[in-house]
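Participant: So that we are looking at the same thing, I have put the structure below in structure tokens.
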Amino acid sequence: MTQSHLAHAAPIPVTLLTGFLGSGKTTLLNRLLPQPVLGRCAVVINELGAIGLDHLFVSTSRDETVALLENGCLCCGVRDELAATVADLLARRERGEIPAFERILIETTGLARPGPVISLLLGDAALEGRVQLDGIVTTVDAKHGAAQLARHEESRQQVAVADRLLLTKAELADAAALAELSATLDTLNPTATRISVRNGELDASQLLGILTPRTVRPWLRAAPMRRASLMSGTATASAAHPDIDRFCLTYAQPLPMQAFETALTVLLGYHGERILRVKGIGNFIGEARPIVFHGVQQLLHEPLRLDAWPDDDRTTRLVFIVQGLARAVIEDTIAHFLREADVTAPR
């Protein structure tokens, strides 16, 4: 494929693999990377030489910064900034220096907050239109996860924004630990698909194609979530230290797209650090098809037009995942811009 063809190709899907320290990401990667479905995948991981994957590599590229697996999967470490590393991989792909990978999997450090990682990556000018988020996958230690979520804000954010939750080390957890973890996950992220992983064994295809038209319905479920303050390990609605909150806004009549996009842009611009994620489906004036949108922190991604609605509901639905931000602030901001177009408030 020529460089000009690549320049006009569809954006490359990016999967973010996150999870708290010790939650089993390395074991999982050892099982995932040799699978044929990842044979045309570039994997960007931290501290490549120190995470115990060397036995999977069969060769390196000419400058020895990219390792090649037997199935053709590429691996490289973050040398400087993540966006610069991904841009370099894309440039080398276009020059034919490395195999033409078709997706990117990024593994973060255990203390990384996923929102800023995705926002900085997809908001980079050099990557605009070249990559798109395919999903956020989070590993959770089935045995110790509840305690980690109670103590560490990073862990709670990783879980709250996930599209897939992988419950690792499930074989080591007893029924009581699993029940406690399940209750905590119900509070933080009731709609994410949960997959039990034993000994790191998992079909890699379960982590791909997450944010596609066929998968819209699950994450649009209007599942209200009580505000959670997990510092003590329990969820309360009137906590002194509010933490993660999830709610859904719905609008019955078609909306003016420009006013709607302006409202979201302003919200993310002013409150992006506290809006961990927003995603939804919209019914817009003058649009024959439904439009899916999602944003992370300060970044609103390119809308996706669907061929058809995923269900019989034609209302616009917005799912917000926030931290320390009142629902009223979001409702009032959107209402302000929609009033200009004489659109009623959400029901």
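Labels used: A, B, ... for chains in the order of the structure tokens, numbers from 1 for residues in each chain, and numbers from 1 for ligands as shown.
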Please return, as a ChimeraX atom specification, all residues of region 77-309 of chain A that DSSP assigns to strand (DSSP E or B) on the basis of the backbone.
Facilitator: /A:77,103-107,131-141,164-168,193-196,198,201,225-228,244-251,255,275-282,284,291-296,299-300,304-305
Participant: Compile a residue-level contact table for region 250-288 of chain A against region 118-134 of chain A at a cut-off of 12 Å, reporting for every qualifying residue the shortest atom pair and its distance in Å to one decimal, with only C-alpha atoms counted, rows ordered by chain and ascending number, as a Markdown table.
Facilitator:
| residue | atom | partner | partner_atom | distance |
| --- | --- | --- | --- | --- |
| A:Leu268 | CA | A:Ser119 | CA | 11.0 |
| A:Gly272 | CA | A:Ser119 | CA | 9.8 |
| A:Glu273 | CA | A:Ser119 | CA | 10.3 |
| A:Ile275 | CA | A:Ser119 | CA | 11.6 |
| A:Leu276 | CA | A:Ser119 | CA | 10.2 |
| A:Arg277 | CA | A:Ser119 | CA | 10.2 |
Participant: How about saving the chosen residues, N, CA, C and O atoms kept, as a PDB file, in the first residue's frame?
Facilitator:
ATOM      1  N   LEU A 268     -16.427  20.151  28.489  1.00  0.00           N
ATOM      2  CA  LEU A 268     -15.131  19.480  28.536  1.00  0.00           C
ATOM      3  C   LEU A 268     -13.998  20.488  28.693  1.00  0.00           C
ATOM      4  O   LEU A 268     -12.990  20.206  29.343  1.00  0.00           O
ATOM      5  N   GLY A 272     -13.168  19.369  32.103  1.00  0.00           N
ATOM      6  CA  GLY A 272     -12.667  18.118  31.549  1.00  0.00           C
ATOM      7  C   GLY A 272     -11.957  17.229  32.547  1.00  0.00           C
ATOM      8  O   GLY A 272     -12.066  15.997  32.489  1.00  0.00           O
ATOM      9  N   GLU A 273     -11.227  17.814  33.486  1.00  0.00           N
ATOM     10  CA  GLU A 273     -10.504  17.002  34.454  1.00  0.00           C
ATOM     11  C   GLU A 273     -11.450  16.222  35.354  1.00  0.00           C
ATOM     12  O   GLU A 273     -11.076  15.193  35.913  1.00  0.00           O
ATOM     13  N   ILE A 275     -14.686  15.395  34.253  1.00  0.00           N
ATOM     14  CA  ILE A 275     -15.539  14.553  33.417  1.00  0.00           C
ATOM     15  C   ILE A 275     -14.665  13.424  32.885  1.00  0.00           C
ATOM     16  O   ILE A 275     -13.948  13.571  31.900  1.00  0.00           O
ATOM     17  N   LEU A 276     -14.707  12.297  33.559  1.00  0.00           N
ATOM     18  CA  LEU A 276     -13.833  11.190  33.190  1.00  0.00           C
ATOM     19  C   LEU A 276     -14.183  10.637  31.816  1.00  0.00           C
ATOM     20  O   LEU A 276     -13.307  10.221  31.058  1.00  0.00           O
ATOM     21  N   ARG A 277     -15.470  10.629  31.512  1.00  0.00           N
ATOM     22  CA  ARG A 277     -15.897  10.129  30.210  1.00  0.00           C
ATOM     23  C   ARG A 277     -17.345  10.527  29.969  1.00  0.00           C
ATOM     24  O   ARG A 277     -18.134  10.624  30.910  1.00  0.00           O
TER      25      ARG A 277
END
Participant: So that I can check the secondary structure, give me every residue of region 17-189 of chain A assigned alpha helix (DSSP H) by backbone DSSP, as an NGL selection string.
Facilitator: :A and (25-32 or 82-94 or 114-122 or 145-151 or 153-160 or 175-188)
Participant: Ranking A:Phe320, A:Phe101, A:Phe293, A:Tyr251 by minimum distance to Leu267 (chain A) and counting only C-alpha atoms, which one comes first?
Facilitator: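 Of A:Phe320, A:Phe101, A:Phe293, A:Tyr251, the one nearest Leu267 (chain A) is A:Phe320, counting only C-alpha atoms.
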Participant: Mind pulling up the distance from CA of Ile45 (chain A) to CA of Phe20 (chain A)?
Facilitator: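 About the pair CA of Phe20 (chain A) and CA of Ile45 (chain A): they are 14.7 Å apart.
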Participant: Any idea what's packed within 12 Å of region 173-179 of chain A, counting only C-alpha atoms, ignoring anything in its chain fewer than 2 positions away? Could you give it as a ChimeraX atom specification?
Facilitator: /A:140-147,167-171,181-186,196-198
Participant: Expressed in Å to a single decimal, how great is the separation between CA of Pro13 (chain A) and CA of His301 (chain A)?
Facilitator: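 That distance, rounded to one decimal, is 12.9 Å.
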